$ cat final.cif   # mmCIF, C-alpha atoms and all ligand atoms
data_work
#
loop_
_atom_site.label_atom_id
_atom_site.label_comp_id
_atom_site.auth_asym_id
_atom_site.auth_seq_id
_atom_site.Cartn_x
_atom_site.Cartn_y
_atom_site.Cartn_z
CA MET A 1 10.71 31.35 -10.18
CA LYS A 2 7.22 31.58 -11.64
CA LYS A 3 7.90 35.06 -13.04
CA HIS A 4 11.00 33.88 -14.91
CA ASN A 5 9.61 30.42 -15.67
CA VAL A 6 12.74 28.82 -14.21
CA GLN A 7 12.94 25.16 -15.27
CA CYS A 8 14.39 23.76 -12.04
CA ASP A 9 11.86 21.08 -11.02
CA PHE A 10 10.52 23.38 -8.30
CA ASN A 11 7.99 21.45 -6.25
CA LEU A 12 5.87 23.39 -3.79
CA THR A 13 4.75 20.87 -1.19
CA THR A 14 5.02 20.35 2.56
CA THR A 15 7.97 19.22 4.63
CA PHE A 16 8.03 16.96 7.69
CA ASP A 17 10.36 17.08 10.66
CA VAL A 18 9.96 13.52 11.91
CA CYS A 19 11.05 12.77 15.50
CA MET A 20 12.35 9.19 15.69
CA THR A 21 13.05 9.14 19.46
CA PRO A 22 11.03 10.36 22.48
CA GLN A 23 14.06 12.45 23.53
CA PHE A 24 14.14 14.31 20.24
CA ALA A 25 10.32 14.70 20.27
CA GLN A 26 10.71 16.42 23.67
CA TYR A 27 13.57 18.60 22.39
CA GLU A 28 11.51 19.71 19.38
CA ALA A 29 8.39 20.38 21.52
CA ASP A 30 10.49 22.52 23.91
CA SER A 31 12.11 24.42 21.01
CA LEU A 32 8.73 25.17 19.43
CA GLU A 33 7.33 26.32 22.76
CA ALA A 34 10.32 28.63 23.33
CA TYR A 35 9.89 30.04 19.80
CA LYS A 36 6.17 30.64 20.48
CA CYS A 37 6.93 32.34 23.81
CA ALA A 38 9.40 34.63 22.02
CA GLY A 39 6.57 35.78 19.73
CA GLY A 40 7.27 33.43 16.81
CA ASP A 41 4.38 32.63 14.47
CA VAL A 42 3.76 28.88 14.37
CA SER A 43 0.29 28.99 12.82
CA HIS A 44 1.54 27.30 9.64
CA ILE A 45 2.93 24.26 11.52
CA LYS A 46 0.83 21.11 12.01
CA PHE A 47 1.67 18.60 14.73
CA TYR A 48 1.03 14.83 14.72
CA GLU A 49 1.78 12.30 17.43
CA GLY A 50 2.03 8.48 17.67
CA LYS A 51 -0.21 6.65 15.19
CA ASP A 52 -1.22 9.90 13.45
CA ALA A 53 2.45 10.75 12.85
CA GLN A 54 3.13 7.24 11.55
CA GLU A 55 0.19 7.34 9.14
CA LYS A 56 0.94 10.83 7.87
CA THR A 57 4.64 10.15 7.27
CA ARG A 58 4.40 6.41 6.37
CA ILE A 59 7.23 5.82 8.85
CA SER A 60 6.30 3.12 11.37
CA GLY A 61 8.84 4.21 14.02
CA ALA A 62 7.80 7.90 14.06
CA VAL A 63 7.19 9.25 17.59
CA ALA A 64 5.94 12.66 16.46
CA ALA A 65 6.00 14.81 13.33
CA TYR A 66 5.72 18.48 12.43
CA GLU A 67 4.54 19.52 8.96
CA TRP A 68 4.69 22.92 7.29
CA PRO A 69 4.77 24.33 3.74
CA GLY A 70 8.07 23.68 1.96
CA GLY A 71 9.51 22.97 -1.44
CA SER A 72 12.35 21.38 -3.32
CA SER A 73 14.19 22.24 -6.51
CA HIS A 74 17.00 20.89 -8.68
CA PRO A 75 19.92 23.04 -7.42
CA ALA A 76 22.13 22.62 -10.50
CA LYS A 77 19.31 23.69 -12.83
CA LEU A 78 18.52 26.69 -10.60
CA ALA A 79 22.21 27.68 -10.40
CA GLN A 80 22.55 27.31 -14.17
CA PHE A 81 19.59 29.66 -14.69
CA LEU A 82 21.04 32.28 -12.33
CA LEU A 83 24.46 32.02 -13.93
CA GLN A 84 23.10 32.32 -17.46
CA SER A 85 20.97 35.34 -16.42
CA VAL A 86 23.95 37.29 -15.06
CA ILE A 87 26.12 36.36 -18.05
CA ASP A 88 23.34 37.59 -20.36
CA GLN A 89 23.50 40.89 -18.48
CA GLY A 90 27.23 41.25 -19.09
CA ALA A 91 28.87 39.46 -16.18
CA ARG A 92 32.02 37.44 -16.90
CA LEU A 93 32.69 34.08 -15.28
CA PHE A 94 36.20 32.79 -14.57
CA THR A 95 36.63 29.17 -13.53
CA PHE A 96 39.78 27.65 -12.02
CA CYS A 97 40.74 31.16 -11.01
CA PRO A 98 40.90 31.54 -7.22
CA ALA A 99 41.04 34.96 -5.59
CA THR A 100 44.21 34.79 -3.52
CA LYS A 101 44.41 38.25 -1.94
CA ILE A 102 42.35 41.46 -1.73
CA GLU A 103 43.97 44.82 -0.99
CA SER A 104 43.18 48.52 -1.30
CA SER A 105 43.94 49.74 -4.80
CA GLU A 106 46.70 52.29 -5.41
CA GLU A 107 44.06 54.75 -6.65
CA SER A 108 43.06 55.50 -3.04
CA ASP A 109 39.47 55.88 -4.27
CA GLY A 110 38.07 53.15 -2.01
CA SER A 111 38.32 50.47 -4.70
CA TRP A 112 39.80 47.01 -4.12
CA ASP A 113 42.33 44.94 -6.06
CA VAL A 114 41.40 41.28 -6.20
CA HIS A 115 44.49 39.21 -7.00
CA THR A 116 44.20 35.96 -8.94
CA PRO A 117 46.79 33.75 -10.71
CA ARG A 118 45.44 35.17 -13.98
CA GLY A 119 45.67 38.84 -13.09
CA VAL A 120 44.23 41.56 -10.87
CA VAL A 121 40.60 42.73 -11.00
CA ARG A 122 39.84 46.21 -9.66
CA ALA A 123 36.37 46.63 -8.13
CA GLU A 124 34.39 49.16 -6.12
CA LYS A 125 32.41 46.37 -4.52
CA VAL A 126 33.50 42.86 -3.61
CA VAL A 127 31.06 40.18 -2.47
CA HIS A 128 32.59 37.20 -0.68
CA CYS A 129 30.45 34.19 -1.60
CA THR A 130 33.24 31.74 -0.96
CA ASN A 131 31.27 29.91 1.74
CA ALA A 132 33.42 27.35 3.60
CA HIS A 133 36.60 28.99 2.29
CA ALA A 134 35.68 32.55 3.30
CA ALA A 135 38.41 32.71 5.96
CA LEU A 136 41.15 32.46 3.32
CA LEU A 137 40.50 36.06 2.23
CA LEU A 138 38.96 37.16 5.54
CA PRO A 139 41.24 35.61 8.21
CA GLN A 140 39.24 37.34 10.96
CA LEU A 141 36.50 34.76 10.24
CA GLU A 142 38.81 31.82 10.91
CA PRO A 143 37.40 31.03 14.39
CA TYR A 144 33.79 31.29 13.21
CA ILE A 145 33.47 29.49 9.89
CA ARG A 146 34.87 26.09 8.95
CA PRO A 147 34.58 23.61 6.10
CA ASN A 148 32.68 20.41 6.69
CA ARG A 149 32.14 17.51 4.29
CA ALA A 150 28.54 16.48 3.65
CA GLN A 151 27.33 13.44 1.70
CA ALA A 152 24.22 12.67 -0.34
CA HIS A 153 22.92 9.67 -2.30
CA THR A 154 20.40 9.00 -5.02
CA LEU A 155 18.39 5.79 -4.83
CA ILE A 156 16.21 4.23 -7.48
CA PRO A 157 13.03 3.18 -5.66
CA SER A 158 11.44 -0.23 -5.58
CA PRO A 159 7.73 -0.37 -6.61
CA ALA A 160 6.76 0.23 -2.94
CA LEU A 161 7.96 3.84 -3.32
CA ALA A 162 7.25 4.42 -7.00
CA ALA A 163 4.51 6.02 -9.12
CA THR A 164 1.36 6.65 -7.02
CA SER A 165 3.21 5.34 -3.91
CA SER A 166 5.99 7.90 -4.14
CA LEU A 167 6.64 10.40 -1.33
CA ARG A 168 5.01 13.75 -1.93
CA SER A 169 6.56 15.77 0.91
CA THR A 170 10.18 16.36 1.82
CA PHE A 171 11.55 14.98 5.10
CA SER A 172 14.03 15.52 7.86
CA LEU A 173 14.21 12.21 9.76
CA ARG A 174 15.65 13.02 13.16
CA TYR A 175 17.15 10.78 15.84
CA SER A 176 18.90 13.68 17.60
CA LEU A 177 19.92 17.25 16.85
CA TYR A 178 23.01 16.19 14.90
CA HIS A 179 21.95 12.70 13.80
CA PHE A 180 19.37 12.92 11.04
CA TYR A 181 18.68 12.10 7.38
CA SER A 182 17.16 14.41 4.79
CA LEU A 183 14.97 12.93 2.09
CA ILE A 184 13.18 14.10 -1.03
CA GLN A 185 11.74 12.17 -3.92
CA ARG A 186 12.01 13.84 -7.31
CA LYS A 187 8.62 14.25 -8.92
CA GLY A 188 9.85 13.81 -12.49
CA ASP A 189 11.56 10.42 -12.34
CA GLY A 190 10.91 9.21 -8.78
CA THR A 191 14.59 9.25 -7.77
CA LEU A 192 15.07 9.45 -3.99
CA VAL A 193 17.73 11.89 -2.72
CA LEU A 194 19.00 10.91 0.74
CA GLY A 195 21.32 13.23 2.68
CA VAL A 196 23.24 12.27 5.81
CA SER A 197 23.84 14.33 8.93
CA ARG A 198 27.38 15.24 9.86
CA THR A 199 27.43 13.59 13.29
CA ASN A 200 26.21 10.08 13.75
CA PRO A 201 27.11 8.03 16.84
CA THR A 202 27.18 4.77 14.84
CA LEU A 203 30.04 5.89 12.59
CA SER A 204 33.71 5.14 13.30
CA GLU A 205 36.06 7.77 14.76
CA LYS A 206 37.98 7.79 11.48
CA THR A 207 34.88 8.58 9.41
CA LEU A 208 33.68 11.22 11.88
CA ALA A 209 37.09 12.91 11.81
CA SER A 210 37.12 12.92 8.00
CA ARG A 211 34.23 15.36 7.89
CA PHE A 212 36.58 18.23 8.75
CA SER A 213 37.99 18.31 5.26
CA THR A 214 37.95 20.25 2.03
CA ASP A 215 38.46 17.08 -0.02
CA ASP A 216 35.28 16.30 -1.95
CA SER A 217 36.92 14.03 -4.51
CA ASP A 218 35.28 10.82 -3.27
CA TYR A 219 32.42 9.71 -1.04
CA ASN A 220 32.71 7.72 2.18
CA HIS A 221 31.53 4.09 1.89
CA GLU A 222 30.83 3.69 5.63
CA ILE A 223 28.47 6.68 5.46
CA SER A 224 26.65 5.35 2.40
CA ASP A 225 26.31 1.88 4.04
CA ASP A 226 24.83 3.56 7.12
CA ALA A 227 22.50 5.69 4.97
CA LEU A 228 21.18 2.66 3.09
CA ARG A 229 20.75 0.61 6.27
CA SER A 230 18.93 3.46 8.00
CA PHE A 231 16.74 4.04 4.97
CA GLY A 232 15.77 0.34 5.06
CA ASP A 233 14.94 0.66 8.80
CA LEU A 234 12.84 3.77 8.20
CA PHE A 235 11.00 2.39 5.17
CA PRO A 236 11.04 -1.41 5.72
CA TYR A 237 8.63 -1.96 2.82
CA TYR A 238 11.24 -0.37 0.49
CA ASN A 239 13.14 -3.67 0.21
CA SER A 240 10.67 -5.94 1.99
CA LYS A 241 11.02 -8.67 -0.63
CA THR A 242 14.49 -9.42 0.83
CA SER A 243 16.43 -7.85 -2.01
CA LEU A 244 16.04 -5.08 -4.51
CA ALA A 245 15.63 -5.92 -8.18
CA HIS A 246 18.30 -5.09 -10.76
CA GLY A 247 18.41 -1.32 -11.30
CA GLU A 248 16.86 -0.49 -7.90
CA GLY A 249 18.80 0.84 -4.89
CA LEU A 250 21.90 3.06 -4.70
CA ASP A 251 22.45 4.95 -7.93
CA HIS A 252 25.03 7.58 -7.05
CA ALA A 253 26.77 9.04 -3.98
CA TRP A 254 28.71 12.29 -3.68
CA THR A 255 30.18 14.72 -1.18
CA GLY A 256 30.39 18.48 -1.10
CA ILE A 257 31.93 21.04 1.22
CA ILE A 258 29.52 23.02 3.34
CA ALA A 259 30.31 25.90 5.71
CA MET A 260 29.49 25.55 9.40
CA THR A 261 29.42 28.63 11.63
CA THR A 262 29.83 28.63 15.40
CA ASP A 263 26.26 29.85 16.04
CA SER A 264 24.67 28.04 13.04
CA VAL A 265 23.71 31.41 11.50
CA PRO A 266 25.12 32.58 8.13
CA PHE A 267 27.14 35.77 7.61
CA VAL A 268 25.15 38.04 5.28
CA GLY A 269 25.77 41.78 4.74
CA ALA A 270 28.36 44.53 4.66
CA ILE A 271 31.76 43.99 6.31
CA GLU A 272 31.98 47.17 8.34
CA SER A 273 35.77 47.19 8.72
CA LEU A 274 36.22 46.86 4.93
CA PRO A 275 33.97 49.45 3.22
CA GLY A 276 32.81 48.17 -0.17
CA GLN A 277 33.17 44.51 0.79
CA TYR A 278 30.21 42.26 1.53
CA ILE A 279 29.75 38.66 2.57
CA CYS A 280 27.15 35.97 1.90
CA ALA A 281 28.49 32.72 3.34
CA GLY A 282 28.16 30.09 6.05
CA PHE A 283 24.88 28.39 5.27
CA ASN A 284 25.48 25.40 7.56
CA GLY A 285 24.36 22.95 4.89
CA HIS A 286 21.07 24.71 4.32
CA GLY A 287 19.76 27.45 2.08
CA LYS A 288 18.04 30.59 3.25
CA GLN A 289 15.03 29.48 5.27
CA CYS A 290 11.96 30.63 3.43
CA SER A 291 8.46 29.31 4.05
CA PRO A 292 5.71 30.44 1.66
CA VAL A 293 3.64 31.51 4.67
CA SER A 294 6.18 33.72 6.40
CA CYS A 295 8.50 34.47 3.50
CA GLU A 296 9.10 38.12 2.72
CA CYS A 297 10.11 37.41 -0.87
CA PRO A 298 6.92 36.27 -2.62
CA GLN A 299 8.64 36.26 -6.01
CA LEU A 300 10.38 33.06 -4.93
CA ILE A 301 7.22 31.07 -5.46
C1 LIG A 401 25.81 16.80 0.08
C2 LIG A 401 25.11 18.12 0.31
C3 LIG A 401 23.74 18.16 0.49
C4 LIG A 401 23.08 19.39 0.67
N1 LIG A 401 21.72 19.40 0.82
C5 LIG A 401 21.07 20.58 0.93
C6 LIG A 401 19.64 20.63 1.00
O1 LIG A 401 18.97 19.60 0.95
N2 LIG A 401 19.03 21.84 1.13
C7 LIG A 401 19.74 23.00 1.18
O2 LIG A 401 19.15 24.08 1.28
N3 LIG A 401 21.11 22.98 1.12
C8 LIG A 401 21.76 21.81 0.99
N4 LIG A 401 23.13 21.79 0.92
C9 LIG A 401 23.86 23.05 1.14
C10 LIG A 401 23.93 23.92 -0.08
O3 LIG A 401 24.51 23.18 -1.14
C11 LIG A 401 24.81 25.13 0.28
O4 LIG A 401 24.20 25.83 1.31
C12 LIG A 401 24.99 26.03 -0.89
O5 LIG A 401 25.66 25.37 -1.92
C13 LIG A 401 25.80 27.24 -0.52
O6 LIG A 401 25.97 28.00 -1.70
P1 LIG A 401 27.10 29.06 -1.79
O7 LIG A 401 27.08 29.59 -3.20
O8 LIG A 401 26.98 30.02 -0.66
O9 LIG A 401 28.47 28.27 -1.53
P2 LIG A 401 29.15 27.08 -2.31
O10 LIG A 401 28.17 26.32 -3.13
O11 LIG A 401 29.99 26.34 -1.30
O12 LIG A 401 30.09 27.85 -3.34
C14 LIG A 401 31.23 28.58 -2.92
C15 LIG A 401 32.13 28.67 -4.15
O13 LIG A 401 33.21 29.57 -3.89
C16 LIG A 401 34.37 29.05 -4.51
N5 LIG A 401 35.53 29.66 -3.83
C17 LIG A 401 35.92 29.50 -2.54
N6 LIG A 401 37.00 30.25 -2.28
C18 LIG A 401 37.31 30.91 -3.42
C19 LIG A 401 38.33 31.83 -3.77
N7 LIG A 401 39.24 32.26 -2.89
N8 LIG A 401 38.36 32.30 -5.05
C20 LIG A 401 37.42 31.90 -5.96
N9 LIG A 401 36.42 31.04 -5.67
C21 LIG A 401 36.38 30.54 -4.41
C22 LIG A 401 34.27 27.55 -4.28
O14 LIG A 401 35.08 26.85 -5.20
C23 LIG A 401 32.78 27.33 -4.53
O15 LIG A 401 32.53 27.08 -5.89
C24 LIG A 401 23.83 20.59 0.71
C25 LIG A 401 25.21 20.54 0.53
C26 LIG A 401 25.86 19.33 0.31
C27 LIG A 401 27.34 19.32 0.09
#
$ encode --input "final.cif" --output "structure tokens" --more "lines below"
Ligand SMILES: Cc1cc2nc3c(=O)[nH]c(=O)nc-3n(C[C@H](O)[C@H](O)[C@H](O)COP(=O)(O)OP(=O)(O)OC[C@H]3O[C@@H](n4cnc5c(N)ncnc54)[C@H](O)[C@@H]3O)c2cc1C
Amino acid sequence: MKKHNVQCDFNLTTTFDVCMTPQFAQYEADSLEAYKCAGGDVSHIKFYEGKDAQEKTRISGAVAAYEWPGGSSHPAKLAQFLLQSVIDQGARLFTFCPATKIESSEESDGSWDVHTPRGVVRAEKVVHCTNAHAALLLPQLEPYIRPNRAQAHTLIPSPALAATSSLRSTFSLRYSLYHFYSLIQRKGDGTLVLGVSRTNPTLSEKTLASRFSTDDSDYNHEISDDALRSFGDLFPYYNSKTSLAHGEGLDHAWTGIIAMTTDSVPFVGAIESLPGQYICAGFNGHGKQCSPVSCECPQLI
């Protein structure tokens, strides 16, 4: 990003995994221990407990917290940069043009015909980066990769979380393995971005069932109510003066379709049974894990 001067609000900082229950604190301690025993390097991770964790994270209910180097960026700006770069190098982009079928070309030279409603593209190499929808063209993946609807919100902070009081690190606020909130505060304008986990015991059956969907046309109001309530519980001083002023609070909410895999690990690499075809999909709502300490791709920072 530095090399190409990518304007994507990249913010190199630290991230906190905050354990909000003793049970999850124990789970995380056990996981870290198992990782250490398996030879994992944990030298870049700092641990805080009780009052220390609460002071470091500014979250009064924190039981324990782990901190390590991390960063955030504006994904649309980053994607726009990548897209423009490949177009500048001659790539062509087709929108509203789904690939519907891939078959061996008649040439018998190992190339593939990619069928779309607007014609057929012949290619020596095909990369499936269709994420949650990968199983449409690769039905053998059907049992292992499935779409899941995730939701995020932007909040305009009250003065308690603005200017010099804004949050400098990014956060994962965890009640259990599948019940957590992700949080960053944009450096430029102070907007808070609050993501919601996919399983949350307080949500209705109907809302929980709706996460197995490819419909991202609208957001779920029960989920945003829960997110705002939980945010108020986590940061009581956020709206401590009983109500937020005009212009503060929920700004925008949206959903997107992420790809969950059965073992939580993405599919990346060559598809051996289909020479010339590759896959890069199934990120389970995350990107490629990359800490500046252990990362093998230093050009990222
Ligand atoms: C609300 C939300 C919050 C998130 N928060 C974070 C976060 O904080 N940190 C993080 O790292 N990640 C986060 N993610 C996850 C992150 O957005 C994904 O991991 C990332 O977008 C995956 O990128 P991708 O290009 O692999 O797939 P996608 O962005 O899913 O793109 C796949 C594309 O393929 C297209 N496609 C599918 N099938 C076909 C076909 N047959 N023909 C043509 N095109 C097709 C789709 O239309 C889509 O445009 C979040 C996701 C959501 C929805």
$ residues_near_ligand --input "final.cif" --ligand "ligand LIG 401 (chain A)" --cutoff "6 Å" --atoms "all atoms listed in the file" --output "PyMOL selection string"
chain A and resi 98-100+129-131+133+150-152+195+255-258+281+283+285-287
$ closest_residue --input "final.cif" --among "A:Ser197, A:Ser172, A:Gln54, A:Thr191" --to "Glu248 in chain A" --atoms "only C-alpha atoms"
A:Thr191
$ closest_residue --input "final.cif" --among "A:Arg186, A:Arg211, A:Arg198, A:Arg146" --to "Thr261 in chain A" --atoms "all atoms listed in the file"
A:Arg146
$ atom_distance --input "final.cif" --atom1 "CA of Trp254 in chain A" --atom2 "CA of Gly188 in chain A"
20.9 Å
$ residues_around --input "final.cif" --residues "range 203-209 of chain A" --least-positions-apart "2" --cutoff "8 Å" --atoms "all atoms listed in the file" --output "count of residues only"
10
$ residues_around --input "final.cif" --residues "Glu28 in chain A" --least-positions-apart "5" --cutoff "9 Å" --atoms "all atoms listed in the file" --output "PyMOL selection string"
chain A and resi 19+23+33
$ closest_residue --input "final.cif" --among "A:Gln140, A:Gln7, A:Gln84, A:Ser105" --to "Ile271 in chain A" --atoms "only C-alpha atoms"
A:Gln140
$ closest_residue --input "final.cif" --among "A:Phe10, A:Ser166, A:Gly40, A:Gly50" --to "Phe235 in chain A" --atoms "only C-alpha atoms"
A:Ser166
